[in-house]
file input-v3.txt (compact mmCIF, N, CA and C atoms)
# COMPACT_ATOMS: atom_id res chain seq x y z
N MET A 1 10.25 -29.89 38.55
CA MET A 1 9.36 -28.81 38.19
C MET A 1 9.54 -28.49 36.70
N GLU A 2 8.43 -28.26 36.02
CA GLU A 2 8.42 -28.00 34.59
C GLU A 2 8.66 -26.51 34.33
N GLN A 3 9.48 -26.22 33.31
CA GLN A 3 9.75 -24.82 32.93
C GLN A 3 8.58 -24.27 32.13
N ALA A 4 8.38 -22.97 32.26
CA ALA A 4 7.35 -22.30 31.46
C ALA A 4 7.76 -22.36 29.99
N PRO A 5 6.82 -22.64 29.11
CA PRO A 5 7.16 -22.70 27.68
C PRO A 5 7.58 -21.33 27.16
N GLY A 6 8.46 -21.36 26.16
CA GLY A 6 8.91 -20.12 25.51
C GLY A 6 7.83 -19.60 24.58
N PRO A 7 8.14 -18.57 23.85
CA PRO A 7 7.17 -18.03 22.90
C PRO A 7 6.75 -19.11 21.91
N ARG A 8 5.47 -19.10 21.56
CA ARG A 8 4.93 -20.08 20.63
C ARG A 8 5.56 -19.99 19.26
N SER A 9 5.70 -18.80 18.78
CA SER A 9 6.28 -18.58 17.45
C SER A 9 6.82 -17.16 17.37
N THR A 10 7.51 -16.90 16.30
CA THR A 10 8.00 -15.55 16.05
C THR A 10 7.04 -14.89 15.08
N TRP A 11 6.49 -13.75 15.48
CA TRP A 11 5.58 -13.03 14.61
C TRP A 11 5.70 -11.55 14.90
N THR A 12 5.22 -10.74 13.98
CA THR A 12 5.23 -9.30 14.14
C THR A 12 3.86 -8.75 13.74
N PHE A 13 3.59 -7.53 14.15
CA PHE A 13 2.31 -6.91 13.82
C PHE A 13 2.26 -6.44 12.37
N LEU A 14 3.39 -6.10 11.80
CA LEU A 14 3.41 -5.54 10.46
C LEU A 14 3.97 -6.53 9.45
N THR A 15 3.35 -6.61 8.30
CA THR A 15 3.85 -7.45 7.22
C THR A 15 5.03 -6.77 6.55
N SER A 16 5.72 -7.52 5.73
CA SER A 16 6.82 -6.94 4.95
C SER A 16 6.28 -5.84 4.03
N HIS A 17 5.07 -6.01 3.53
CA HIS A 17 4.48 -5.00 2.65
C HIS A 17 4.30 -3.67 3.39
N ALA A 18 3.80 -3.72 4.60
CA ALA A 18 3.61 -2.50 5.38
C ALA A 18 4.96 -1.86 5.72
N ARG A 19 5.93 -2.68 6.03
CA ARG A 19 7.25 -2.15 6.39
C ARG A 19 7.93 -1.50 5.19
N VAL A 20 7.85 -2.14 4.02
CA VAL A 20 8.45 -1.56 2.81
C VAL A 20 7.73 -0.27 2.43
N LEU A 21 6.42 -0.29 2.45
CA LEU A 21 5.65 0.91 2.09
C LEU A 21 5.96 2.07 3.04
N SER A 22 6.07 1.80 4.32
CA SER A 22 6.38 2.88 5.26
C SER A 22 7.80 3.39 5.06
N ALA A 23 8.75 2.51 4.75
CA ALA A 23 10.13 2.95 4.51
C ALA A 23 10.20 3.81 3.25
N ILE A 24 9.47 3.42 2.22
CA ILE A 24 9.44 4.22 0.99
C ILE A 24 8.76 5.56 1.23
N SER A 25 7.76 5.59 2.10
CA SER A 25 7.10 6.87 2.38
C SER A 25 8.06 7.82 3.10
N ARG A 26 9.02 7.27 3.84
CA ARG A 26 10.04 8.11 4.50
C ARG A 26 11.08 8.60 3.50
N ASP A 27 11.42 7.75 2.53
CA ASP A 27 12.46 8.10 1.56
C ASP A 27 12.08 7.58 0.18
N PRO A 28 11.41 8.40 -0.63
CA PRO A 28 10.96 7.95 -1.95
C PRO A 28 12.11 7.64 -2.92
N TRP A 29 13.33 7.99 -2.56
CA TRP A 29 14.50 7.72 -3.39
C TRP A 29 15.27 6.49 -2.92
N ALA A 30 14.75 5.77 -1.95
CA ALA A 30 15.46 4.64 -1.36
C ALA A 30 15.77 3.58 -2.41
N ARG A 31 16.98 3.01 -2.31
CA ARG A 31 17.37 1.91 -3.18
C ARG A 31 16.93 0.59 -2.56
N ILE A 32 16.66 -0.38 -3.40
CA ILE A 32 16.24 -1.70 -2.92
C ILE A 32 17.27 -2.26 -1.96
N ARG A 33 18.52 -2.10 -2.27
CA ARG A 33 19.60 -2.60 -1.41
C ARG A 33 19.52 -1.97 -0.02
N ASP A 34 19.30 -0.66 0.03
CA ASP A 34 19.22 0.04 1.31
C ASP A 34 17.97 -0.36 2.09
N LEU A 35 16.84 -0.53 1.38
CA LEU A 35 15.62 -0.98 2.04
C LEU A 35 15.82 -2.36 2.64
N ALA A 36 16.45 -3.25 1.89
CA ALA A 36 16.67 -4.61 2.37
C ALA A 36 17.50 -4.61 3.65
N VAL A 37 18.55 -3.83 3.69
CA VAL A 37 19.40 -3.77 4.88
C VAL A 37 18.63 -3.18 6.05
N ALA A 38 17.96 -2.06 5.82
CA ALA A 38 17.24 -1.37 6.91
C ALA A 38 16.10 -2.21 7.47
N LEU A 39 15.44 -2.98 6.61
CA LEU A 39 14.27 -3.75 7.02
C LEU A 39 14.59 -5.20 7.35
N GLN A 40 15.85 -5.57 7.20
CA GLN A 40 16.31 -6.93 7.45
C GLN A 40 15.55 -7.95 6.60
N LEU A 41 15.45 -7.61 5.32
CA LEU A 41 14.83 -8.48 4.32
C LEU A 41 15.84 -8.72 3.21
N THR A 42 15.59 -9.71 2.36
CA THR A 42 16.47 -9.90 1.22
C THR A 42 16.09 -8.91 0.12
N GLU A 43 17.02 -8.63 -0.77
CA GLU A 43 16.73 -7.73 -1.88
C GLU A 43 15.63 -8.31 -2.75
N ARG A 44 15.64 -9.62 -2.93
CA ARG A 44 14.61 -10.27 -3.73
C ARG A 44 13.22 -10.08 -3.11
N THR A 45 13.14 -10.18 -1.79
CA THR A 45 11.86 -9.96 -1.10
C THR A 45 11.39 -8.53 -1.29
N VAL A 46 12.29 -7.57 -1.13
CA VAL A 46 11.92 -6.16 -1.31
C VAL A 46 11.45 -5.91 -2.73
N GLN A 47 12.13 -6.48 -3.72
CA GLN A 47 11.70 -6.33 -5.11
C GLN A 47 10.30 -6.88 -5.32
N ALA A 48 10.03 -8.05 -4.77
CA ALA A 48 8.72 -8.67 -4.93
C ALA A 48 7.63 -7.86 -4.24
N VAL A 49 7.94 -7.33 -3.07
CA VAL A 49 6.96 -6.52 -2.33
C VAL A 49 6.66 -5.24 -3.11
N ILE A 50 7.69 -4.59 -3.62
CA ILE A 50 7.49 -3.37 -4.40
C ILE A 50 6.63 -3.67 -5.63
N ALA A 51 6.89 -4.78 -6.30
CA ALA A 51 6.08 -5.17 -7.46
C ALA A 51 4.62 -5.37 -7.05
N ASP A 52 4.40 -6.03 -5.91
CA ASP A 52 3.02 -6.21 -5.41
C ASP A 52 2.35 -4.87 -5.15
N LEU A 53 3.08 -3.96 -4.50
CA LEU A 53 2.52 -2.65 -4.13
C LEU A 53 2.21 -1.82 -5.37
N GLU A 54 3.08 -1.91 -6.38
CA GLU A 54 2.82 -1.21 -7.64
C GLU A 54 1.60 -1.79 -8.35
N GLU A 55 1.54 -3.11 -8.43
CA GLU A 55 0.42 -3.77 -9.10
C GLU A 55 -0.91 -3.45 -8.43
N ALA A 56 -0.90 -3.33 -7.11
CA ALA A 56 -2.12 -3.03 -6.37
C ALA A 56 -2.45 -1.53 -6.37
N GLY A 57 -1.55 -0.70 -6.91
CA GLY A 57 -1.82 0.73 -7.02
C GLY A 57 -1.45 1.56 -5.81
N TYR A 58 -0.71 1.00 -4.86
CA TYR A 58 -0.32 1.75 -3.67
C TYR A 58 0.84 2.71 -3.94
N LEU A 59 1.66 2.39 -4.93
CA LEU A 59 2.76 3.29 -5.28
C LEU A 59 3.10 3.12 -6.74
N SER A 60 3.81 4.10 -7.27
CA SER A 60 4.31 4.02 -8.64
C SER A 60 5.79 4.37 -8.62
N ARG A 61 6.47 3.97 -9.68
CA ARG A 61 7.91 4.17 -9.77
C ARG A 61 8.24 4.88 -11.07
N THR A 62 9.10 5.89 -10.97
CA THR A 62 9.61 6.54 -12.17
C THR A 62 11.13 6.54 -12.10
N ARG A 63 11.73 6.43 -13.26
CA ARG A 63 13.18 6.42 -13.34
C ARG A 63 13.63 7.85 -13.53
N GLU A 64 14.54 8.30 -12.67
CA GLU A 64 15.12 9.64 -12.80
C GLU A 64 16.63 9.47 -12.73
N GLY A 65 17.26 9.60 -13.91
CA GLY A 65 18.69 9.35 -13.97
C GLY A 65 18.96 7.87 -13.74
N ARG A 66 19.83 7.57 -12.79
CA ARG A 66 20.16 6.19 -12.48
C ARG A 66 19.38 5.65 -11.30
N ARG A 67 18.45 6.43 -10.78
CA ARG A 67 17.70 6.04 -9.58
C ARG A 67 16.21 5.94 -9.87
N ASN A 68 15.53 5.17 -9.04
CA ASN A 68 14.07 5.12 -9.06
C ASN A 68 13.53 6.07 -8.02
N LYS A 69 12.45 6.72 -8.34
CA LYS A 69 11.73 7.53 -7.36
C LYS A 69 10.34 6.94 -7.25
N TYR A 70 9.92 6.71 -6.01
CA TYR A 70 8.61 6.12 -5.76
C TYR A 70 7.63 7.21 -5.35
N GLU A 71 6.41 7.10 -5.84
CA GLU A 71 5.35 8.03 -5.47
C GLU A 71 4.25 7.25 -4.78
N MET A 72 3.90 7.70 -3.59
CA MET A 72 2.85 7.04 -2.82
C MET A 72 1.50 7.40 -3.44
N ARG A 73 0.66 6.40 -3.62
CA ARG A 73 -0.67 6.61 -4.17
C ARG A 73 -1.76 6.52 -3.11
N GLY A 74 -1.43 5.99 -1.96
CA GLY A 74 -2.43 5.81 -0.92
C GLY A 74 -3.35 4.65 -1.25
N GLY A 75 -4.46 4.57 -0.56
CA GLY A 75 -5.41 3.50 -0.81
C GLY A 75 -6.04 3.02 0.47
N ARG A 76 -6.71 1.92 0.36
CA ARG A 76 -7.40 1.33 1.50
C ARG A 76 -6.76 -0.01 1.84
N PHE A 77 -7.02 -0.48 3.05
CA PHE A 77 -6.52 -1.79 3.45
C PHE A 77 -7.14 -2.86 2.57
N ARG A 78 -6.45 -3.97 2.40
CA ARG A 78 -6.91 -5.03 1.50
C ARG A 78 -7.80 -6.06 2.18
N HIS A 79 -7.65 -6.27 3.47
CA HIS A 79 -8.43 -7.30 4.14
C HIS A 79 -9.89 -6.85 4.25
N PRO A 80 -10.85 -7.74 4.01
CA PRO A 80 -12.27 -7.36 4.06
C PRO A 80 -12.70 -6.71 5.37
N ALA A 81 -12.07 -7.07 6.47
CA ALA A 81 -12.46 -6.49 7.76
C ALA A 81 -12.07 -5.02 7.87
N GLU A 82 -11.07 -4.58 7.10
CA GLU A 82 -10.61 -3.18 7.16
C GLU A 82 -10.68 -2.47 5.82
N GLU A 83 -11.31 -3.07 4.81
CA GLU A 83 -11.27 -2.50 3.47
C GLU A 83 -11.90 -1.11 3.35
N HIS A 84 -12.65 -0.70 4.34
CA HIS A 84 -13.26 0.63 4.32
C HIS A 84 -12.34 1.69 4.92
N ARG A 85 -11.20 1.28 5.45
CA ARG A 85 -10.28 2.23 6.10
C ARG A 85 -9.11 2.58 5.19
N ASP A 86 -8.70 3.85 5.27
CA ASP A 86 -7.53 4.36 4.55
C ASP A 86 -6.24 3.89 5.20
N ILE A 87 -5.21 3.67 4.38
CA ILE A 87 -3.91 3.31 4.93
C ILE A 87 -3.11 4.54 5.34
N ALA A 88 -3.51 5.74 4.89
CA ALA A 88 -2.74 6.96 5.13
C ALA A 88 -2.45 7.21 6.62
N PRO A 89 -3.41 7.09 7.53
CA PRO A 89 -3.08 7.34 8.94
C PRO A 89 -2.03 6.37 9.49
N LEU A 90 -2.08 5.13 9.07
CA LEU A 90 -1.07 4.17 9.52
C LEU A 90 0.29 4.56 8.96
N LEU A 91 0.35 4.93 7.69
CA LEU A 91 1.62 5.35 7.11
C LEU A 91 2.16 6.61 7.77
N ASP A 92 1.29 7.52 8.15
CA ASP A 92 1.74 8.72 8.86
C ASP A 92 2.46 8.34 10.15
N ILE A 93 1.90 7.38 10.86
CA ILE A 93 2.54 6.93 12.12
C ILE A 93 3.86 6.24 11.82
N LEU A 94 3.85 5.32 10.88
CA LEU A 94 5.05 4.54 10.59
C LEU A 94 6.14 5.35 9.90
N ALA A 95 5.77 6.37 9.16
CA ALA A 95 6.75 7.17 8.43
C ALA A 95 7.43 8.21 9.30
N THR A 96 6.92 8.45 10.50
CA THR A 96 7.55 9.41 11.39
C THR A 96 8.89 8.85 11.86
N PRO A 97 9.98 9.56 11.61
CA PRO A 97 11.28 9.06 12.06
C PRO A 97 11.26 8.80 13.57
N PRO A 98 11.93 7.73 14.00
CA PRO A 98 11.90 7.35 15.42
C PRO A 98 12.28 8.49 16.37
N HIS A 99 13.24 9.33 15.99
CA HIS A 99 13.67 10.40 16.90
C HIS A 99 12.58 11.47 17.07
N LEU A 100 11.62 11.53 16.15
CA LEU A 100 10.51 12.48 16.28
C LEU A 100 9.30 11.86 16.96
N ALA A 101 9.29 10.53 17.03
CA ALA A 101 8.15 9.82 17.62
C ALA A 101 8.39 9.50 19.08
N GLY A 102 9.50 9.99 19.65
CA GLY A 102 9.77 9.75 21.05
C GLY A 102 10.58 8.51 21.32
N ASP A 103 11.12 7.87 20.26
CA ASP A 103 11.96 6.69 20.43
C ASP A 103 13.38 7.15 20.66
N ASP A 104 13.94 6.79 21.79
CA ASP A 104 15.29 7.19 22.14
C ASP A 104 16.35 6.20 21.70
N SER A 105 15.97 5.23 20.88
CA SER A 105 16.91 4.17 20.52
C SER A 105 18.07 4.70 19.68
N GLY A 106 17.87 5.82 18.99
CA GLY A 106 18.92 6.39 18.16
C GLY A 106 19.09 5.65 16.85
N ALA A 107 18.22 4.71 16.57
CA ALA A 107 18.32 3.96 15.32
C ALA A 107 18.01 4.87 14.15
N SER A 108 18.75 4.68 13.09
CA SER A 108 18.52 5.47 11.89
C SER A 108 17.34 4.93 11.13
N ASP A 109 16.56 5.81 10.51
CA ASP A 109 15.43 5.34 9.71
C ASP A 109 15.85 5.12 8.26
N GLY A 110 17.13 5.36 7.95
CA GLY A 110 17.62 5.10 6.61
C GLY A 110 17.33 6.19 5.61
N ALA A 111 16.61 7.23 5.99
CA ALA A 111 16.27 8.30 5.05
C ALA A 111 17.48 9.19 4.82
N ARG A 112 17.66 9.59 3.58
CA ARG A 112 18.74 10.51 3.27
C ARG A 112 18.30 11.91 3.66
N PRO A 113 19.21 12.74 4.18
CA PRO A 113 18.82 14.07 4.64
C PRO A 113 18.13 14.91 3.58
N GLU A 114 18.57 14.82 2.32
CA GLU A 114 17.97 15.67 1.30
C GLU A 114 16.57 15.23 0.91
N SER A 115 16.12 14.07 1.35
CA SER A 115 14.78 13.63 1.00
C SER A 115 13.86 13.65 2.21
N GLY A 116 14.16 14.52 3.17
CA GLY A 116 13.45 14.52 4.43
C GLY A 116 12.06 15.11 4.41
N ARG A 117 11.54 15.52 3.26
CA ARG A 117 10.21 16.11 3.27
C ARG A 117 9.17 15.03 3.53
N GLN A 118 8.16 15.39 4.27
CA GLN A 118 7.08 14.46 4.62
C GLN A 118 6.02 14.47 3.54
N GLU A 119 5.56 13.31 3.14
CA GLU A 119 4.48 13.22 2.17
C GLU A 119 3.19 13.69 2.83
N SER A 120 2.33 14.34 2.08
CA SER A 120 1.04 14.76 2.62
C SER A 120 -0.07 13.91 2.03
N VAL A 121 -1.20 13.90 2.69
CA VAL A 121 -2.33 13.09 2.27
C VAL A 121 -3.50 14.01 2.00
N ASP A 122 -4.13 13.86 0.82
CA ASP A 122 -5.29 14.70 0.52
C ASP A 122 -6.56 14.07 1.07
N ALA A 123 -7.70 14.70 0.86
CA ALA A 123 -8.98 14.25 1.43
C ALA A 123 -9.40 12.88 0.93
N ASP A 124 -8.89 12.46 -0.25
CA ASP A 124 -9.22 11.16 -0.79
C ASP A 124 -8.26 10.07 -0.34
N GLY A 125 -7.32 10.44 0.53
CA GLY A 125 -6.36 9.46 1.04
C GLY A 125 -5.18 9.22 0.12
N ARG A 126 -5.00 10.06 -0.89
CA ARG A 126 -3.88 9.89 -1.81
C ARG A 126 -2.68 10.66 -1.28
N MET A 127 -1.52 10.03 -1.39
CA MET A 127 -0.28 10.66 -0.93
C MET A 127 0.23 11.61 -2.01
N SER A 128 0.78 12.74 -1.59
CA SER A 128 1.35 13.68 -2.56
C SER A 128 2.68 14.18 -2.06
call {"tool": "encode", "arguments": {"input": "input-v3.txt", "output": "structure tokens"}}
result
Amino acid sequence: MEQAPGPRSTWTFLTSHARVLSAISRDPWARIRDLAVALQLTERTVQAVIADLEEAGYLSRTREGRRNKYEMRGGRFRHPAEEHRDIAPLLDILATPPHLAGDDSGASDGARPESGRQESVDADGRMS
């Protein structure tokens, strides 16, 4: 008797770009090193993703002391099938810490307690 085949491939619903952007929306003071560990990505990948997101206008970075602070700019999805939709509602879902979203896993979202304020979205979909 033949065994049932295993999963065809390993894939996820969210790209690294979406994961990095949502992690930064939770903690705008996050370090690349911390993002890489929390998201299970390399530091080089996180740096490249952040550069892509800055270039596309989804976020900006300012240096404050020895740390970077990221500011969410919001925007629309890039794929033509969704380009008319705002990314803000998706980020609102993804930025909610797991313990507030009903996830009992107890996993940390990596956010520092002092940066726990939630970003708000204005009528134009820009994060503030």
call {"tool": "residues_around", "arguments": {"input": "input-v3.txt", "residues": "A:Val49", "least_positions_apart": "3", "cutoff": "8 Å", "atoms": "only N, CA and C atoms", "output": "PyMOL selection string"}}
result
chain A and resi 16-17+20-21+43-46+52-55
call {"tool": "atom_distance", "arguments": {"input": "input-v3.txt", "atom1": "atom CA of A:Glu71", "atom2": "atom CA of A:Phe13"}}
result
24.6 Å
call {"tool": "atom_distance", "arguments": {"input": "input-v3.txt", "atom1": "atom CA of A:Trp11", "atom2": "atom CA of A:Arg85"}}
result
23.6 Å
call {"tool": "atom_distance", "arguments": {"input": "input-v3.txt", "atom1": "atom C of A:Asp92", "atom2": "atom CA of A:Ala51"}}
result
22.5 Å
call {"tool": "residues_around", "arguments": {"input": "input-v3.txt", "residues": "A:Ile24", "least_positions_apart": "5", "cutoff": "9 Å", "atoms": "only C-alpha atoms", "output": "list in words"}}
result
Arg19, Trp29, Ala30, Leu35, Tyr70, Glu71, Met72, Ala95 and Ala111 of chain A
call {"tool": "closest_residue", "arguments": {"input": "input-v3.txt", "among": "A:Thr10, A:Arg31, A:Ala23, A:Pro89", "to": "A:Arg67", "atoms": "only N, CA and C atoms"}}
result
A:Arg31
call {"tool": "closest_residue", "arguments": {"input": "input-v3.txt", "among": "A:Gly57, A:Thr96, A:Thr15, A:Glu82", "to": "A:Asp27", "atoms": "only C-alpha atoms"}}
result
A:Thr96
call {"tool": "closest_residue", "arguments": {"input": "input-v3.txt", "among": "A:His99, A:Arg73, A:His79, A:His84", "to": "A:Ser60", "atoms": "all atoms listed in the file"}}
result
A:Arg73
